[in-house]
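Chemist: Below is a structure I'd like to ask you about.
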Amino acid sequence: MKTVLTILLTILVTIPAFSNDRKSWMVNPVFENDQQERPSVIVYANNVLRENYPGAIPNADNFWDYQTNGANLQAIWANGDTIIITYPAVDSIDPTGATTRINFYTMSTDGGATWIFPLNVTSLPNRSAYPDLTAVIDQGQRNIVIMGRKYVGANSRGGAWIEASLGLGSFSGENAPFQGRDFFGRYQNGTLVSGVYSNPDGQGTPQDSLLYSRYDFSNNTFGTRTPIAVPGPDSIISVNVRYRSAVSSNGQTQLVMWWNPLVAGQEMNAKVSNDGGNTWGSRVLLQKSFGQGGVVNGDTCSPWFGIDATFKPGTQEYSAVWSTLYPTATGQSSGDPQGTKILYWNPLVNSGNPVEVAGKLNMPIISVDSLFVNRNALQVGVTPVSHPSIAYSQDGNMIVCVFSAFQPGDTSNVTPSFTFNDIYSTYSTNNGLTWSTPRNLTQTPDWDELYPVLSESGNSSSKFHLKFQSTRIPGSQSFTDLAPTARVYTVYRSFNPSTGIEVNTVGSVIPDRFDLKQNYPNPFNPSTKIRFDLAKNSNVTLKIYNVLGKEVATLLNNQLITAGTKEVTFDGEGLASGIYFYTLSSESFSTTKKMILQK
């Protein structure tokens, strides 16, 4: 495989006056494509790091590769051409984040064509982790609150930060009430963000409780805490509880869900408030293995973490997704892989029983034994279909679920042999009762893509916004897998859920005219890339025709695409060898080129 060399970058550029303090990091020997790079020094703040992965956000690559702490955190927010991405970053000599882990965010105001230099939420030695993003209106202006883990000396606890002004890079933060772990939440109303955190030390409430609180970003303070789940009546909670919260658009209906690992067989639970978080209803059991909800479509499965929840826009209707694990698997070779699923739950759908989104019904990696060849090393928290995220189109007519899934029979040759993952997408147009056949959005045999997250806002039936990470080596270098150190890329993409077509931005220069490039490779088998230039934001249609003029595929259908050089991938797997034509058209431009499929 091609060895990618780290370049010694020492070019100094002017740092904007509002930037936080940044530093140079020494880079130890790291791996790219299973091969060791040369060690070098990188001036992290002032250079453009390699962008080997298509769609990787400039300067947002680093060496932290565990993007979740059990929930699929909201790491992306989109509205029109504005996109905001959060991620944690560490130095390569400290992949576990013991001294260098801090949260960052970056922003694009042109649909992902260009990005501001990432801004750090905290400055070392004040570390931070697991950024959970929510957009707010602060004194009449759009702003962001980032929640997650704060570090007070050597101790970690939940907390939140408010930006002084969007794009400034100057945060004020506060700790969640008393010692706690990882405050995750959503915007409620006014100047309030509602969320939950766990209490492993038992200060003031029973140990291992799940607590609810509100963060007021106008004065950077937390309100009183309310126990959501405590040992006993709400089942056992543990230090390893994983949780997620969601809030309706008017702030009145709120959902908290949590995965409980200490009950025999594990449980997925939820509680709902209908009065803005003041009071909470009884615990709802979403799934319990070996018991209620433990068997789905004939397969015994155990609820697993990697959870997400959201509300249908403009309503009080909520839904949730999570992954399952075959019952006896503990990260070693055991169990029945057909118990690995992505499940969807909405109390108004399927009589309140979980619906199988992905699994043996529609994923060959699960249903075909010959494809599922590696069960010996499960990356921490990652299952064969794993870490789902859901979001609605703004009109509420479509739900999209993205998740990661094993690549069939494809493992790293670095010991231990973890399996590579791709990112998949599926959608429902009947409120989650049935789901489309999952599409592989990435199809990269030598990249490991994980932790996909959909924006909760700014989506239409033809365009959803997605963030994920990609590395050359599977297995976690930052958590418990002792995998080799590899560069971690932060990736933004938009895609059409119905076609699976992703529109990737290539470069940052806006072209001065419209143009359609020759596809490459050509001839191709079975996929090829089509690149085109847009001089301005345009509604674009891209279709494929055979020699008889019959339309065989629609890649883009009057979809609004931002100005720039764009690229899409066409997969001709189901077509016969021969000559085909592809036509790009917009309001004022139309052209056609020929390509050859040669199988």
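Letters for chains follow the order of the structure tokens (A, B, ...), residue numbers begin at 1 for each chain, and ligand numbers begin at 1 in the order shown.
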With only C-alpha atoms as the counted atoms, please give the residues lying no more than 12 Å from Leu348 of chain A, apart from itself and same-chain residues fewer than 2 positions off, as a list in words.

Modeler: Gln316, Glu317, Tyr318, Ser319, Ala320, Tyr344, Trp345, Asn346, Asn350, Ser351, Gly352, Asn353, Pro354, Val355, Asn430, Asn431, Gly432 and Leu433 of chain A

Chemist: Write to file, as a PDB file, in the first residue's frame, the residues of the selection just made, with N, CA and C atoms.

Modeler:
```pdb
ATOM      1  N   GLN A 316     -44.843  16.895  19.292  1.00  0.00           N
ATOM      2  CA  GLN A 316     -44.435  16.317  20.567  1.00  0.00           C
ATOM      3  C   GLN A 316     -44.133  14.832  20.416  1.00  0.00           C
ATOM      4  N   GLU A 317     -43.945  14.373  19.185  1.00  0.00           N
ATOM      5  CA  GLU A 317     -43.719  12.953  18.906  1.00  0.00           C
ATOM      6  C   GLU A 317     -42.227  12.643  18.899  1.00  0.00           C
ATOM      7  N   TYR A 318     -41.839  11.638  19.659  1.00  0.00           N
ATOM      8  CA  TYR A 318     -40.430  11.308  19.812  1.00  0.00           C
ATOM      9  C   TYR A 318     -40.154   9.875  19.358  1.00  0.00           C
ATOM     10  N   SER A 319     -38.898   9.608  19.058  1.00  0.00           N
ATOM     11  CA  SER A 319     -38.489   8.273  18.653  1.00  0.00           C
ATOM     12  C   SER A 319     -37.031   8.075  19.031  1.00  0.00           C
ATOM     13  N   ALA A 320     -36.602   6.810  19.044  1.00  0.00           N
ATOM     14  CA  ALA A 320     -35.252   6.481  19.489  1.00  0.00           C
ATOM     15  C   ALA A 320     -34.716   5.303  18.689  1.00  0.00           C
ATOM     16  N   TYR A 344     -35.496   0.537  16.108  1.00  0.00           N
ATOM     17  CA  TYR A 344     -36.179   1.830  16.172  1.00  0.00           C
ATOM     18  C   TYR A 344     -37.394   1.692  17.076  1.00  0.00           C
ATOM     19  N   TRP A 345     -37.621   2.734  17.890  1.00  0.00           N
ATOM     20  CA  TRP A 345     -38.770   2.705  18.796  1.00  0.00           C
ATOM     21  C   TRP A 345     -39.498   4.036  18.765  1.00  0.00           C
ATOM     22  N   ASN A 346     -40.801   3.943  18.590  1.00  0.00           N
ATOM     23  CA  ASN A 346     -41.716   5.070  18.700  1.00  0.00           C
ATOM     24  C   ASN A 346     -42.978   4.513  19.344  1.00  0.00           C
ATOM     25  N   ASN A 350     -45.978   0.351  15.598  1.00  0.00           N
ATOM     26  CA  ASN A 350     -45.821  -1.095  15.846  1.00  0.00           C
ATOM     27  C   ASN A 350     -46.216  -1.467  17.268  1.00  0.00           C
ATOM     28  N   SER A 351     -47.282  -0.841  17.742  1.00  0.00           N
ATOM     29  CA  SER A 351     -47.817  -1.087  19.085  1.00  0.00           C
ATOM     30  C   SER A 351     -46.775  -0.862  20.176  1.00  0.00           C
ATOM     31  N   GLY A 352     -45.824   0.035  19.890  1.00  0.00           N
ATOM     32  CA  GLY A 352     -44.805   0.355  20.872  1.00  0.00           C
ATOM     33  C   GLY A 352     -43.681  -0.655  20.955  1.00  0.00           C
ATOM     34  N   ASN A 353     -43.644  -1.637  20.048  1.00  0.00           N
ATOM     35  CA  ASN A 353     -42.569  -2.620  20.036  1.00  0.00           C
ATOM     36  C   ASN A 353     -41.456  -2.161  19.095  1.00  0.00           C
ATOM     37  N   PRO A 354     -40.213  -2.523  19.389  1.00  0.00           N
ATOM     38  CA  PRO A 354     -39.111  -2.102  18.523  1.00  0.00           C
ATOM     39  C   PRO A 354     -39.256  -2.639  17.107  1.00  0.00           C
ATOM     40  N   VAL A 355     -38.826  -1.830  16.135  1.00  0.00           N
ATOM     41  CA  VAL A 355     -38.824  -2.193  14.720  1.00  0.00           C
ATOM     42  C   VAL A 355     -37.375  -2.406  14.291  1.00  0.00           C
ATOM     43  N   ASN A 430     -42.920   6.076   6.357  1.00  0.00           N
ATOM     44  CA  ASN A 430     -44.169   5.763   7.051  1.00  0.00           C
ATOM     45  C   ASN A 430     -43.966   5.768   8.565  1.00  0.00           C
ATOM     46  N   ASN A 431     -43.213   6.757   9.020  1.00  0.00           N
ATOM     47  CA  ASN A 431     -43.023   7.016  10.445  1.00  0.00           C
ATOM     48  C   ASN A 431     -42.234   5.924  11.147  1.00  0.00           C
ATOM     49  N   GLY A 432     -41.430   5.180  10.405  1.00  0.00           N
ATOM     50  CA  GLY A 432     -40.558   4.191  11.021  1.00  0.00           C
ATOM     51  C   GLY A 432     -41.114   2.796  11.069  1.00  0.00           C
ATOM     52  N   LEU A 433     -42.289   2.549  10.466  1.00  0.00           N
ATOM     53  CA  LEU A 433     -42.864   1.202  10.482  1.00  0.00           C
ATOM     54  C   LEU A 433     -42.061   0.255   9.602  1.00  0.00           C
TER      55      LEU A 433
END
```

Chemist: Excluding Pro523 of chain A and its own-chain neighbours fewer than 4 positions away, which residues fall within 10 Å of it when counting only C-alpha atoms? Please give them as a PyMOL selection string.

Modeler: chain A and resi 519+527-528+577-579+595-599

Chemist: Generate the output file for the selected residues, C-alpha atoms, as a PDB file, in the first residue's frame.

Modeler:
```
ATOM      1  CA  ASN A 519     -15.798  10.655 -15.523  1.00  0.00           C
ATOM      2  CA  SER A 527     -18.234   2.500 -10.177  1.00  0.00           C
ATOM      3  CA  THR A 528     -16.892   5.801 -11.443  1.00  0.00           C
ATOM      4  CA  SER A 577     -21.497  -3.538 -20.120  1.00  0.00           C
ATOM      5  CA  GLY A 578     -21.741  -0.874 -22.782  1.00  0.00           C
ATOM      6  CA  ILE A 579     -21.816   2.832 -23.572  1.00  0.00           C
ATOM      7  CA  MET A 595     -18.754   6.852 -20.479  1.00  0.00           C
ATOM      8  CA  ILE A 596     -18.081   3.125 -20.850  1.00  0.00           C
ATOM      9  CA  LEU A 597     -18.993   0.386 -18.401  1.00  0.00           C
ATOM     10  CA  GLN A 598     -16.697  -2.581 -19.039  1.00  0.00           C
ATOM     11  CA  LYS A 599     -17.285  -5.678 -16.909  1.00  0.00           C
TER      12      LYS A 599
END
```

Chemist: I need the residue nearest Gly306 of chain A from this list: A:Ser156, A:Thr68, A:Ser198, A:Asn269. Use only C-alpha atoms for the distance.

Modeler: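 Selected residue with least distance to Gly306 of chain A: A:Thr68.
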
Chemist: Hey, which of A:Val568, A:Ile144, A:Leu166, A:Leu124 ends up closest to Gly55 of chain A? Count only C-alpha atoms.

Modeler: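 Among the listed residues, the smallest separation from Gly55 of chain A belongs to A:Val568.
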
Chemist: So that I can see what lies close to segment 215-223 of chain A, please list as JSON, numbers by chain the residues with an atom at most 6 Å from it, counting only C-alpha atoms and leaving out residues fewer than 5 positions away in the same chain.

Modeler: {"A": [191, 192, 193]}

Chemist: Of the candidates A:Pro95, A:Gly111, A:Gly190, A:Gly298, which one gets nearest to Gly564 of chain A if we count only C-alpha atoms?

Modeler: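 Ranking A:Pro95, A:Gly111, A:Gly190, A:Gly298 by distance to Gly564 of chain A, first place goes to A:Gly111.
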
Chemist: If you run DSSP on this backbone, which residues of segment 223-252 of chain A come out as strand (DSSP E), and could you give them as a PyMOL selection string?

Modeler: chain A and resi 226-229+242-247

Chemist: Keeping only C-alpha atoms, take the residues you just selected and write them out as a compact mmCIF listing (two decimals), in the first residue's frame.

Modeler:
```txt
# COMPACT_ATOMS: atom_id res chain seq x y z
CA THR A 226 -33.76 16.35 39.70
CA PRO A 227 -33.23 12.57 39.93
CA ILE A 228 -34.49 10.87 36.78
CA ALA A 229 -33.53 7.32 37.64
CA ARG A 242 -25.17 5.45 28.83
CA TYR A 243 -27.80 8.13 28.26
CA ARG A 244 -29.33 10.52 25.73
CA SER A 245 -31.91 13.29 25.97
CA ALA A 246 -34.15 14.96 23.41
CA VAL A 247 -36.44 18.00 23.63
```

Chemist: I'd like the neighbourhood of Phe403 of chain A as a ChimeraX atom specification, where a residue qualifies if any of its atoms comes within 12 Å (using only C-alpha atoms), though same-chain residues fewer than 4 positions away should be ignored.

Modeler: /A:72,306-308,321-323,341-343,357-359,382-390,421-427,438-442,449-454,466-468

Chemist: Contacts of Ser460 of chain A at 10 Å or less, counting only C-alpha atoms, minus same-chain residues fewer than 6 places along, as an NGL selection string?

Modeler: :A and (392-398 or 496-497 or 559)
